[in-house]
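Here is the file target22.cif (mmCIF, C-alpha atoms (C1' of nucleotides)).
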```cif
data_work
#
loop_
_atom_site.label_atom_id
_atom_site.label_comp_id
_atom_site.auth_asym_id
_atom_site.auth_seq_id
_atom_site.Cartn_x
_atom_site.Cartn_y
_atom_site.Cartn_z
CA MET A 1 -95.55 139.56 -74.28
CA GLY A 2 -98.19 141.35 -72.27
CA ARG A 3 -97.78 138.52 -69.82
CA SER A 4 -94.05 139.00 -69.19
CA VAL A 5 -94.39 142.75 -68.95
CA GLU A 6 -97.00 142.27 -66.27
CA SER A 7 -94.85 139.76 -64.47
CA ASN A 8 -91.87 142.07 -64.54
CA ARG A 9 -93.92 144.87 -63.13
CA ARG A 10 -94.92 142.68 -60.21
CA ILE A 11 -91.36 141.55 -59.53
CA ARG A 12 -90.17 145.09 -59.72
CA SER A 13 -92.71 146.19 -57.18
CA GLU A 14 -91.93 143.31 -54.86
CA ARG A 15 -88.20 143.99 -54.85
CA HIS A 16 -88.83 147.65 -54.37
CA GLN A 17 -90.92 146.97 -51.30
CA ALA A 18 -88.48 144.43 -49.92
CA ILE A 19 -85.59 146.87 -50.16
CA LEU A 20 -87.60 149.61 -48.50
CA ALA A 21 -88.76 147.36 -45.68
CA ALA A 22 -85.26 146.05 -45.02
CA SER A 23 -83.85 149.56 -45.11
CA LEU A 24 -86.42 150.96 -42.71
CA ASP A 25 -85.61 148.23 -40.26
CA LEU A 26 -81.86 148.77 -40.49
CA PHE A 27 -81.94 152.56 -40.59
CA ALA A 28 -84.17 152.60 -37.52
CA SER A 29 -81.95 150.33 -35.52
CA ARG A 30 -78.53 151.58 -36.61
CA GLY A 31 -78.90 154.86 -38.41
CA LEU A 32 -77.98 155.70 -41.99
CA ALA A 33 -74.19 155.73 -41.71
CA ALA A 34 -73.90 152.43 -39.86
CA THR A 35 -76.11 150.63 -42.34
CA LYS A 36 -74.24 149.04 -45.23
CA VAL A 37 -75.83 148.46 -48.60
CA ALA A 38 -74.63 144.89 -48.26
CA ASP A 39 -76.74 144.58 -45.11
CA ILE A 40 -79.80 145.90 -46.89
CA ALA A 41 -79.23 143.48 -49.74
CA GLU A 42 -78.84 140.55 -47.39
CA ALA A 43 -81.98 141.45 -45.44
CA ALA A 44 -83.88 141.78 -48.71
CA ALA A 45 -82.41 138.49 -49.94
CA ILE A 46 -80.85 139.95 -53.06
CA SER A 47 -77.33 140.81 -54.21
CA PRO A 48 -75.70 144.15 -53.31
CA GLY A 49 -75.50 145.14 -56.94
CA LEU A 50 -79.21 144.73 -57.46
CA VAL A 51 -79.98 147.39 -54.91
CA TYR A 52 -78.56 149.91 -57.36
CA HIS A 53 -80.85 148.67 -60.06
CA TYR A 54 -83.75 149.92 -57.96
CA PHE A 55 -82.26 152.93 -56.22
CA SER A 56 -79.45 155.20 -57.25
CA SER A 57 -77.94 155.47 -53.79
CA LYS A 58 -78.32 154.53 -50.15
CA GLY A 59 -79.28 158.10 -49.36
CA ASP A 60 -82.07 157.97 -51.91
CA ILE A 61 -83.69 155.06 -50.11
CA PHE A 62 -83.48 157.03 -46.90
CA VAL A 63 -85.10 160.09 -48.41
CA LEU A 64 -87.94 158.08 -49.92
CA LEU A 65 -88.62 156.44 -46.56
CA VAL A 66 -88.74 159.82 -44.83
CA ASP A 67 -91.14 161.07 -47.45
CA ARG A 68 -93.43 158.07 -47.08
CA ALA A 69 -93.48 158.18 -43.32
CA ILE A 70 -94.35 161.86 -43.28
CA SER A 71 -97.07 161.38 -45.86
CA ARG A 72 -98.75 158.68 -43.81
CA LEU A 73 -98.52 160.64 -40.59
CA ASN A 74 -99.91 163.73 -42.28
CA GLU A 75 -102.80 161.76 -43.72
CA ALA A 76 -103.64 160.37 -40.31
CA ALA A 77 -103.42 163.82 -38.77
CA ALA A 78 -105.75 165.28 -41.39
CA GLU A 79 -108.25 162.49 -40.88
CA LEU A 80 -108.18 162.95 -37.14
CA GLU A 81 -108.80 166.64 -37.35
CA ALA A 82 -111.72 166.15 -39.73
CA LEU A 83 -113.62 163.83 -37.40
CA ALA A 84 -116.89 165.13 -35.96
CA ILE A 85 -115.97 164.58 -32.33
CA SER A 86 -114.88 166.85 -29.49
CA PRO A 87 -111.26 168.03 -29.15
CA ALA A 88 -110.91 166.01 -25.97
CA ASP A 89 -112.08 162.89 -27.76
CA LYS A 90 -109.66 163.58 -30.58
CA LEU A 91 -106.81 163.62 -28.10
CA ARG A 92 -108.08 160.41 -26.52
CA LEU A 93 -108.34 158.76 -29.90
CA ALA A 94 -104.92 159.94 -31.06
CA LEU A 95 -103.07 158.97 -27.91
CA GLY A 96 -104.88 155.67 -27.57
CA GLY A 97 -104.22 154.80 -31.17
CA LEU A 98 -100.58 155.78 -31.08
CA LEU A 99 -99.88 153.82 -27.91
CA LYS A 100 -101.71 150.79 -29.20
CA ASN A 101 -99.85 150.98 -32.47
CA LEU A 102 -96.55 151.29 -30.69
CA GLU A 103 -97.34 148.24 -28.62
CA GLU A 104 -98.71 145.98 -31.31
CA SER A 105 -97.04 146.96 -34.50
CA GLU A 106 -93.35 146.36 -34.85
CA ASP A 107 -93.47 148.38 -38.02
CA ALA A 108 -95.09 151.41 -36.43
CA ALA A 109 -92.48 151.43 -33.68
CA ARG A 110 -89.71 151.19 -36.26
CA THR A 111 -91.13 154.08 -38.21
CA HIS A 112 -91.29 156.36 -35.19
CA LEU A 113 -87.75 155.43 -34.29
CA PHE A 114 -86.57 155.96 -37.83
CA MET A 115 -88.12 159.40 -37.95
CA ALA A 116 -86.59 160.32 -34.64
CA GLN A 117 -83.16 159.34 -35.90
CA ALA A 118 -83.70 161.17 -39.16
CA ALA A 119 -84.77 164.32 -37.38
CA VAL A 120 -81.96 164.36 -34.88
CA SER A 121 -78.95 163.29 -36.88
CA GLU A 122 -76.91 165.88 -38.70
CA ALA A 123 -75.84 163.10 -41.01
CA THR A 124 -79.27 162.98 -42.64
CA PRO A 125 -79.29 163.85 -46.34
CA GLU A 126 -80.21 167.40 -47.14
CA ALA A 127 -83.16 166.30 -49.26
CA ALA A 128 -84.65 164.45 -46.29
CA ARG A 129 -84.17 167.47 -44.10
CA VAL A 130 -86.04 169.61 -46.59
CA VAL A 131 -88.98 167.22 -46.60
CA MET A 132 -89.06 167.20 -42.82
CA THR A 133 -89.00 170.94 -42.41
CA THR A 134 -91.52 171.64 -45.16
CA ARG A 135 -94.05 168.89 -44.52
CA GLY A 136 -93.15 167.58 -41.10
CA ARG A 137 -94.79 170.26 -39.04
CA LEU A 138 -98.36 169.31 -39.87
CA PRO A 139 -98.84 166.74 -37.09
CA TYR A 140 -97.56 169.28 -34.58
CA ASP A 141 -99.77 172.04 -35.88
CA THR A 142 -102.75 169.71 -35.95
CA ILE A 143 -102.36 168.69 -32.33
CA GLU A 144 -101.76 172.30 -31.37
CA ARG A 145 -105.04 173.35 -33.01
CA ILE A 146 -106.93 170.54 -31.30
CA ILE A 147 -105.47 171.52 -27.95
CA ARG A 148 -106.39 175.13 -28.51
CA ALA A 149 -109.95 174.19 -29.45
CA GLY A 150 -110.17 172.08 -26.31
CA GLN A 151 -108.91 174.94 -24.20
CA ASP A 152 -111.60 177.18 -25.66
CA ALA A 153 -114.16 174.53 -24.79
CA GLY A 154 -112.74 174.23 -21.30
CA THR A 155 -111.98 170.52 -21.60
CA VAL A 156 -108.23 170.84 -22.08
CA GLN A 157 -105.83 172.22 -19.51
CA THR A 158 -104.68 175.79 -19.93
CA GLY A 159 -101.10 176.59 -20.89
CA ASP A 160 -98.92 177.18 -23.96
CA ALA A 161 -100.61 175.08 -26.64
CA GLY A 162 -97.46 174.93 -28.74
CA ALA A 163 -95.40 173.60 -25.86
CA MET A 164 -98.12 171.07 -25.08
CA ALA A 165 -98.18 169.84 -28.66
CA GLN A 166 -94.40 169.43 -28.53
CA LEU A 167 -94.82 167.53 -25.31
CA PHE A 168 -97.44 165.32 -26.90
CA TRP A 169 -95.14 164.19 -29.68
CA SER A 170 -91.97 164.04 -27.62
CA THR A 171 -93.71 161.64 -25.28
CA ILE A 172 -94.60 159.40 -28.20
CA LYS A 173 -91.06 159.55 -29.55
CA GLY A 174 -89.59 158.81 -26.16
CA LEU A 175 -91.80 155.78 -25.80
CA ALA A 176 -90.89 154.58 -29.29
CA LEU A 177 -87.26 154.81 -28.25
CA HIS A 178 -87.91 152.76 -25.16
CA ARG A 179 -89.92 150.22 -26.97
CA ALA A 180 -87.01 149.76 -29.38
CA VAL A 181 -84.47 149.40 -26.59
CA ASP A 182 -86.43 147.28 -24.18
CA GLY A 183 -88.17 145.11 -26.73
CA GLU A 184 -90.03 142.41 -24.86
CA ASN A 185 -89.66 144.25 -21.57
CA TYR A 186 -91.50 147.29 -22.83
CA ARG A 187 -94.57 148.07 -20.77
CA SER A 188 -97.01 150.32 -22.51
CA PRO A 189 -98.37 153.04 -20.21
CA GLU A 190 -102.10 153.49 -19.76
CA PRO A 191 -103.41 156.15 -22.15
CA ALA A 192 -105.27 157.65 -19.20
CA VAL A 193 -101.95 158.47 -17.53
CA LEU A 194 -100.74 160.51 -20.48
CA LEU A 195 -104.13 162.12 -20.90
CA ARG A 196 -103.83 163.59 -17.42
CA MET A 197 -101.26 166.01 -18.84
CA PHE A 198 -103.77 167.40 -21.28
CA LEU A 199 -107.36 166.91 -20.18
CA VAL A 200 -109.10 168.55 -17.24
CA GLU A 201 -110.39 166.18 -14.60
CA GLY A 202 -113.75 164.67 -15.46
CA ASP A 203 -113.83 166.86 -18.57
CA MET B 1 -37.69 168.36 -14.22
CA GLY B 2 -40.60 168.15 -11.78
CA ARG B 3 -41.83 171.25 -13.51
CA SER B 4 -42.06 169.73 -17.00
CA VAL B 5 -43.59 166.53 -15.71
CA GLU B 6 -46.28 168.59 -14.04
CA SER B 7 -46.81 170.63 -17.15
CA ASN B 8 -47.13 167.54 -19.28
CA ARG B 9 -49.67 166.10 -16.95
CA ARG B 10 -51.80 169.21 -17.29
CA ILE B 11 -51.55 169.24 -21.06
CA ARG B 12 -52.42 165.59 -21.19
CA SER B 13 -55.50 166.16 -19.10
CA GLU B 14 -56.58 169.13 -21.15
CA ARG B 15 -56.31 167.29 -24.46
CA HIS B 16 -58.08 164.32 -22.98
CA GLN B 17 -61.00 166.49 -21.95
CA ALA B 18 -61.08 168.36 -25.24
CA ILE B 19 -61.31 165.12 -27.19
CA LEU B 20 -64.07 163.80 -24.97
CA ALA B 21 -66.07 167.02 -25.17
CA ALA B 22 -65.76 167.20 -28.94
CA SER B 23 -66.68 163.54 -29.29
CA LEU B 24 -69.74 163.85 -27.07
CA ASP B 25 -70.98 166.71 -29.16
CA LEU B 26 -70.45 164.91 -32.44
CA PHE B 27 -71.67 161.49 -31.31
CA ALA B 28 -74.83 163.07 -29.95
CA SER B 29 -75.62 164.93 -33.13
CA ARG B 30 -74.56 162.34 -35.70
CA GLY B 31 -74.05 159.01 -34.04
CA LEU B 32 -70.89 156.93 -33.80
CA ALA B 33 -70.65 155.71 -37.39
CA ALA B 34 -71.22 159.09 -39.02
CA THR B 35 -68.59 160.77 -36.86
CA LYS B 36 -65.12 160.76 -38.37
CA VAL B 37 -62.00 160.87 -36.24
CA ALA B 38 -60.94 163.77 -38.42
CA ASP B 39 -64.06 165.65 -37.28
CA ILE B 40 -63.25 164.99 -33.65
CA ALA B 41 -59.69 166.19 -34.17
CA GLU B 42 -60.85 169.34 -35.89
CA ALA B 43 -63.38 170.13 -33.16
CA ALA B 44 -60.71 169.55 -30.53
CA ALA B 45 -58.26 171.68 -32.52
CA ILE B 46 -55.63 168.96 -32.85
CA SER B 47 -54.39 166.70 -35.61
CA PRO B 48 -56.14 163.41 -36.44
CA GLY B 49 -53.06 161.43 -35.51
CA LEU B 50 -52.93 162.89 -32.04
CA VAL B 51 -56.31 161.47 -31.18
CA TYR B 52 -54.70 158.03 -31.26
CA HIS B 53 -52.07 159.15 -28.83
CA TYR B 54 -54.83 159.57 -26.27
CA PHE B 55 -57.27 156.85 -27.23
CA SER B 56 -56.73 153.58 -29.00
CA SER B 57 -59.84 153.83 -31.13
CA LYS B 58 -62.95 155.82 -31.88
CA GLY B 59 -65.03 153.15 -30.19
CA ASP B 60 -62.99 153.50 -27.01
CA ILE B 61 -63.89 157.15 -26.73
CA PHE B 62 -67.51 156.23 -27.13
CA VAL B 63 -67.38 153.61 -24.42
CA LEU B 64 -65.68 155.95 -21.98
CA LEU B 65 -68.34 158.58 -22.60
CA VAL B 66 -71.11 156.09 -21.96
CA ASP B 67 -69.43 155.05 -18.75
CA ARG B 68 -69.06 158.63 -17.54
CA ALA B 69 -72.61 159.61 -18.37
CA ILE B 70 -74.02 156.63 -16.53
CA SER B 71 -71.84 157.26 -13.52
CA ARG B 72 -73.04 160.83 -13.21
CA LEU B 73 -76.67 159.92 -13.66
CA ASN B 74 -76.37 157.15 -11.08
CA GLU B 75 -74.76 159.51 -8.60
CA ALA B 76 -77.56 162.00 -9.06
CA ALA B 77 -80.15 159.26 -8.66
CA ALA B 78 -78.56 158.01 -5.44
CA GLU B 79 -78.40 161.52 -4.03
CA LEU B 80 -82.01 162.14 -4.87
CA GLU B 81 -83.18 158.99 -3.21
CA ALA B 82 -81.20 159.74 -0.05
CA LEU B 83 -82.83 163.13 0.51
CA ALA B 84 -85.06 163.49 3.56
CA ILE B 85 -88.11 164.70 1.67
CA SER B 86 -91.36 163.09 0.60
CA PRO B 87 -91.60 160.89 -2.48
CA ALA B 88 -93.82 163.48 -4.15
CA ASP B 89 -91.23 166.17 -3.50
CA LYS B 90 -88.52 163.93 -4.89
CA LEU B 91 -90.46 163.62 -8.12
CA ARG B 92 -91.00 167.37 -8.21
CA LEU B 93 -87.33 167.99 -7.63
CA ALA B 94 -86.19 165.44 -10.19
CA LEU B 95 -88.53 166.55 -12.93
CA GLY B 96 -87.95 170.23 -12.26
CA GLY B 97 -84.20 169.78 -12.25
CA LEU B 98 -84.15 167.67 -15.38
CA LEU B 99 -86.32 170.08 -17.34
CA LYS B 100 -84.33 173.04 -16.18
CA ASN B 101 -81.09 171.31 -17.06
CA LEU B 102 -82.40 170.42 -20.47
CA GLU B 103 -83.40 174.00 -21.09
CA GLU B 104 -80.31 175.74 -19.79
CA SER B 105 -77.44 173.36 -20.28
CA GLU B 106 -76.40 172.54 -23.79
CA ASP B 107 -74.17 169.87 -22.36
CA ALA B 108 -76.91 168.16 -20.40
CA ALA B 109 -79.12 168.03 -23.47
CA ARG B 110 -76.26 166.57 -25.49
CA THR B 111 -75.63 163.92 -22.90
CA HIS B 112 -79.25 162.78 -22.84
CA LEU B 113 -79.27 162.65 -26.60
CA PHE B 114 -76.00 160.79 -26.71
CA MET B 115 -77.28 158.18 -24.28
CA ALA B 116 -80.48 157.78 -26.24
CA GLN B 117 -78.50 157.13 -29.41
CA ALA B 118 -76.15 154.76 -27.63
CA ALA B 119 -79.05 152.80 -26.18
CA VAL B 120 -80.99 152.51 -29.37
CA SER B 121 -78.34 151.86 -31.99
CA GLU B 122 -77.26 148.34 -32.75
CA ALA B 123 -74.01 149.82 -33.99
CA THR B 124 -73.06 150.58 -30.38
CA PRO B 125 -69.85 148.83 -29.30
CA GLU B 126 -70.41 145.73 -27.26
CA ALA B 127 -68.45 147.13 -24.31
CA ALA B 128 -70.78 150.12 -24.13
CA ARG B 129 -73.80 147.87 -24.27
CA VAL B 130 -72.46 145.89 -21.33
CA VAL B 131 -72.03 149.04 -19.27
CA MET B 132 -75.55 150.15 -20.09
CA THR B 133 -77.21 146.90 -19.20
CA THR B 134 -75.26 146.36 -16.00
CA ARG B 135 -75.26 149.87 -14.57
CA GLY B 136 -77.85 151.71 -16.60
CA ARG B 137 -80.92 150.47 -14.83
CA LEU B 138 -80.32 152.31 -11.56
CA PRO B 139 -82.08 155.55 -12.51
CA TYR B 140 -85.12 153.54 -13.57
CA ASP B 141 -85.15 151.47 -10.44
CA THR B 142 -84.70 154.55 -8.31
CA ILE B 143 -87.66 156.36 -9.83
CA GLU B 144 -89.71 153.20 -9.60
CA ARG B 145 -89.00 152.90 -5.88
CA ILE B 146 -89.87 156.55 -5.32
CA ILE B 147 -93.13 156.13 -7.21
CA ARG B 148 -93.98 153.04 -5.21
CA ALA B 149 -93.26 154.84 -1.95
CA GLY B 150 -95.48 157.68 -3.07
CA GLN B 151 -98.25 155.29 -3.96
CA ASP B 152 -98.03 153.78 -0.47
CA ALA B 153 -98.27 157.29 0.96
CA GLY B 154 -101.22 158.06 -1.28
CA THR B 155 -99.55 161.03 -2.95
CA VAL B 156 -98.71 159.33 -6.23
CA GLN B 157 -101.27 158.00 -8.68
CA THR B 158 -101.92 154.28 -8.66
CA GLY B 159 -100.82 152.08 -11.53
CA ASP B 160 -97.90 149.93 -12.67
CA ALA B 161 -94.89 151.65 -11.03
CA GLY B 162 -92.47 150.09 -13.50
CA ALA B 163 -94.40 151.40 -16.48
CA MET B 164 -94.63 154.81 -14.84
CA ALA B 165 -90.89 154.93 -14.26
CA GLN B 166 -90.34 154.04 -17.92
CA LEU B 167 -92.75 156.79 -18.84
CA PHE B 168 -90.87 159.22 -16.63
CA TRP B 169 -87.58 158.65 -18.42
CA SER B 170 -89.01 158.29 -21.89
CA THR B 171 -90.61 161.69 -21.51
CA ILE B 172 -87.24 163.18 -20.62
CA LYS B 173 -85.56 161.46 -23.53
CA GLY B 174 -88.26 162.56 -25.93
CA LEU B 175 -87.85 166.15 -24.79
CA ALA B 176 -84.07 165.92 -25.15
CA LEU B 177 -84.63 164.77 -28.70
CA HIS B 178 -86.88 167.68 -29.41
CA ARG B 179 -84.59 170.14 -27.82
CA ALA B 180 -81.81 168.89 -30.07
CA VAL B 181 -83.92 169.11 -33.20
CA ASP B 182 -85.71 172.37 -32.56
CA GLY B 183 -82.84 174.22 -30.94
CA GLU B 184 -83.90 177.81 -30.41
CA ASN B 185 -87.54 176.94 -31.03
CA TYR B 186 -87.66 174.48 -28.16
CA ARG B 187 -90.25 175.42 -25.58
CA SER B 188 -89.74 173.74 -22.27
CA PRO B 189 -93.00 172.45 -20.81
CA GLU B 190 -94.09 173.44 -17.32
CA PRO B 191 -92.96 170.84 -14.80
CA ALA B 192 -96.47 170.96 -13.36
CA VAL B 193 -97.86 169.56 -16.61
CA LEU B 194 -95.66 166.48 -16.46
CA LEU B 195 -96.28 166.07 -12.76
CA ARG B 196 -99.98 165.64 -13.46
CA MET B 197 -99.13 162.21 -14.83
CA PHE B 198 -97.68 161.12 -11.53
CA LEU B 199 -99.03 163.09 -8.57
CA VAL B 200 -102.57 163.05 -7.22
CA GLU B 201 -104.36 166.36 -7.31
CA GLY B 202 -103.45 168.63 -4.43
CA ASP B 203 -101.30 165.77 -3.08
"C1'" DG C 1 -46.48 165.92 -27.21
"C1'" DT C 2 -47.49 166.90 -31.86
"C1'" DC C 3 -47.52 166.75 -36.58
"C1'" DT C 4 -47.45 164.92 -41.61
"C1'" DA C 5 -47.39 161.12 -44.51
"C1'" DT C 6 -49.00 156.74 -45.49
"C1'" DA C 7 -50.48 151.82 -45.22
"C1'" DT C 8 -54.56 149.31 -45.15
"C1'" DC C 9 -59.01 148.23 -45.29
"C1'" DC C 10 -63.71 148.56 -46.27
"C1'" DA C 11 -67.94 150.35 -48.18
"C1'" DG C 12 -70.39 152.76 -52.04
"C1'" DA C 13 -71.13 152.46 -56.53
"C1'" DT C 14 -70.34 150.65 -61.49
"C1'" DA C 15 -69.60 147.31 -65.47
"C1'" DG C 16 -70.66 143.69 -67.91
"C1'" DA C 17 -71.86 138.72 -68.26
"C1'" DC C 18 -75.84 135.68 -67.96
"C1'" DG D 1 -83.91 141.13 -63.76
"C1'" DT D 2 -79.99 139.37 -61.43
"C1'" DC D 3 -75.54 138.23 -60.38
"C1'" DT D 4 -70.22 138.47 -59.75
"C1'" DA D 5 -66.24 141.07 -60.24
"C1'" DT D 6 -64.21 145.30 -59.76
"C1'" DC D 7 -63.10 150.29 -59.54
"C1'" DT D 8 -62.58 153.95 -56.49
"C1'" DG D 9 -62.81 156.99 -52.67
"C1'" DG D 10 -62.48 157.75 -48.14
"C1'" DA D 11 -61.83 156.63 -43.24
"C1'" DT D 12 -59.27 154.17 -39.48
"C1'" DA D 13 -55.22 153.57 -37.63
"C1'" DT D 14 -49.96 153.52 -37.77
"C1'" DA D 15 -45.06 155.13 -38.54
"C1'" DG D 16 -41.75 158.10 -38.05
"C1'" DA D 17 -39.92 162.88 -38.15
"C1'" DC D 18 -39.72 167.08 -35.29
#
```
Using the file provided, produce a representation of the structure as structure tokens.
Amino acid sequence: MGRSVESNRRIRSERHQAILAASLDLFASRGLAATKVADIAEAAAISPGLVYHYFSSKGDIFVLLVDRAISRLNEAAAELEALAISPADKLRLALGGLLKNLEESEDAARTHLFMAQAAVSEATPEAARVVMTTRGRLPYDTIERIIRAGQDAGTVQTGDAGAMAQLFWSTIKGLALHRAVDGENYRSPEPAVLLRMFLVEGD
Amino acid sequence: MGRSVESNRRIRSERHQAILAASLDLFASRGLAATKVADIAEAAAISPGLVYHYFSSKGDIFVLLVDRAISRLNEAAAELEALAISPADKLRLALGGLLKNLEESEDAARTHLFMAQAAVSEATPEAARVVMTTRGRLPYDTIERIIRAGQDAGTVQTGDAGAMAQLFWSTIKGLALHRAVDGENYRSPEPAVLLRMFLVEGD
DNA sequence: GTCTATATCCAGATAGAC
DNA sequence: GTCTATCTGGATATAGAC
């Protein structure tokens, strides 16, 4: 008895993950409205009906994915800020890591794209929008603080720190978009090129 | 008789434009699938049925909009390249103009966003995809040539010109995305900041 | 040219058998 | 836990009156 309960728990978790993974992929490449539950089911290798055994609606899956993505990004942002290195090095690390991730990890690229779609589309569920506005600003604020600290130290270019933080993330999102469109043809830019926008020469 | 024919022609043109403008707006903010023909009709202040008097399907409107947007962008790119100024100045002009456009023109921002959605979504009609792949590369190629010319002249930073051209446009697209999401809160970056990625100091 | 009414289809979600 | 069959609503697109 304990055995079958355990087994069920594992199956449940596996299906759950499979549905989420399939949904992320499809939502990122087509958007919420153009993704059919039947597509999700097929990609997850289960029947359409079973999807509703795990989630109560297509929108619910979407909201959970938004929540997860934001949580991970916020964790990473908090970790970055806590590191005992200079602001300039934090920017180098962040940009280098993000570009590398974008280039190597299909999943990371999908997530960025998914979040971009979620943020921009007025068709996104209200619950997802709430999550984004309440918890989605942290990465922006974090980068803004780092930029400001760097400006105080004289290693980061002067200028509106808020606008520069926006620029930081919009560059990443733009590249994620390109990477999704161009696929194999995507050429990752050198981190040093992007860093020229933020760091002072030689720093 | 000539009078009413003329009048009809004008009405026809006006409705045509109204439908296209409304569709661009809605497609940009929600995507093709999430936009209902009823929404388009309402935004254009006509009945749903009348939309089909002017276009044979929702997808057709989409394709025409893609075609128009690409034509305009290609024209602008060709004009830019033909100017009798230095490559560095062409980049300054292009970037300055694009940022200014993004900031001041709601319509320009919408168009960038619309094209980004069209490019990225797998739900995009095949006909639109054909247009994008056959005629959509010109702006990229143009910027790439300008960058290469600047590199030869020593006024543009060295590096993979193709990757830099991609970076150029992905930055614009990323900003368009942000501008759409943040609306009033959008802070346009200084062109000089972006130019640091491309131009050598002091040029 | 424009509208209202409607046919038709398709996708989200549910029910119930296994 | 999983499937098949089905209900139901809503959206595209058409028909026909004005």
Would you write out, as a list in words, every residue that the PyMOL selection byres ((chain C and resi 1) around 10) captures in this file?
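Output from the PyMOL selection byres ((chain C and resi 1) around 10), applied to this file: Asn8, Ile11, Arg12, Leu50 and His53 of chain B; DT2 and DC3 of chain C.
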Residue members of the PyMOL selection byres ((chain A) within 12 of (chain D)) in the file shown, as an mmCIF file with C-alpha atoms, in the frame of the given file:
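Everything below was put into expr-v6.cif:
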```cif
data_model
loop_
_atom_site.group_PDB
_atom_site.id
_atom_site.type_symbol
_atom_site.label_atom_id
_atom_site.label_comp_id
_atom_site.auth_asym_id
_atom_site.auth_seq_id
_atom_site.Cartn_x
_atom_site.Cartn_y
_atom_site.Cartn_z
ATOM 1 C CA SER A 4 -94.050 139.000 -69.190
ATOM 2 C CA VAL A 5 -94.390 142.750 -68.950
ATOM 3 C CA SER A 7 -94.850 139.760 -64.470
ATOM 4 C CA ASN A 8 -91.870 142.070 -64.540
ATOM 5 C CA ARG A 9 -93.920 144.870 -63.130
ATOM 6 C CA ARG A 10 -94.920 142.680 -60.210
ATOM 7 C CA ILE A 11 -91.360 141.550 -59.530
ATOM 8 C CA ARG A 12 -90.170 145.090 -59.720
ATOM 9 C CA ARG A 15 -88.200 143.990 -54.850
ATOM 10 C CA ALA A 45 -82.410 138.490 -49.940
ATOM 11 C CA ILE A 46 -80.850 139.950 -53.060
ATOM 12 C CA SER A 47 -77.330 140.810 -54.210
ATOM 13 C CA PRO A 48 -75.700 144.150 -53.310
ATOM 14 C CA GLY A 49 -75.500 145.140 -56.940
ATOM 15 C CA LEU A 50 -79.210 144.730 -57.460
ATOM 16 C CA VAL A 51 -79.980 147.390 -54.910
ATOM 17 C CA TYR A 52 -78.560 149.910 -57.360
ATOM 18 C CA HIS A 53 -80.850 148.670 -60.060
ATOM 19 C CA TYR A 54 -83.750 149.920 -57.960
#
```
Given the point (-91.4, 150.2, -26.1) in the coordinates of this file, which residues lie within 12 Å, counting only C-alpha atoms (C1' of nucleotides), and how would they look as a ChimeraX atom specification?
/A:98-106,108-110,112-113,171-189 /B:120,163,166-167,170
Since I can't run it myself right now, could you work out what the PyMOL selection byres ((chain A and resi 28) around 12) selects here and report it as a PyMOL selection string?
(chain A and resi 20-27+29-35+62+65-66+106-119+121+176-177+180-181) or (chain B and resi 117+120-123)
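The space separating CA of Glu42 in chain A from C1' of DC10 in chain C comes to 17.2 Å.
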Spatial neighbours of Gly136 in chain A, max dist 9 Å, all atoms listed in the file, sep filter under 3 positions, as a VMD selection string
chain A and resid 70 to 71 73 to 74 131 to 133 139 to 140
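If you take only C-alpha atoms (C1' of nucleotides) and a cut-off of 8 Å, the residues of chain A that reach chain C are Lys36, Val37, Tyr52 and Ser57 of chain A.
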Which centre and which edge lengths, in Å to one decimal, describe the axis-aligned box that holds all listed atoms of range 6-9 of chain C after 5 Å is added on each side, as lines of an AutoDock Vina configuration file?
```
center_x = -54.0
center_y = 152.5
center_z = -45.3
size_x = 20.0
size_y = 18.5
size_z = 10.3
```
A:Glu79, A:Ala38, A:Phe198, A:Lys90 ranked by distance to chain B, top pick (using only C-alpha atoms)
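Nearest candidate to chain B out of A:Glu79, A:Ala38, A:Phe198, A:Lys90: A:Phe198.
Take the candidates A:Thr124, A:Gln151, A:Val156, A:Glu144 and check each one against chain B using all atoms listed in the file; the shortest distance goes to A:Thr124.
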Please determine, counting all atoms listed in the file, which residue among A:Asp67, A:Glu190, A:Glu201, A:Asp141 has the shortest atom-to-atom distance to Thr155 in chain A.
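Using all atoms listed in the file, the shortest distance to Thr155 in chain A belongs to A:Glu201.
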Report the distance between CA of Pro125 in chain B and CA of Gly59 in chain A in Å, rounded to one decimal place.
24.0 Å
What lies within 9 Å of Arg196 in chain A using all atoms listed in the file, ignoring chain neighbours under 4 positions off, as a PyMOL selection string?
(chain A and resi 191-192+200-201) or (chain B and resi 193-194+196-198)
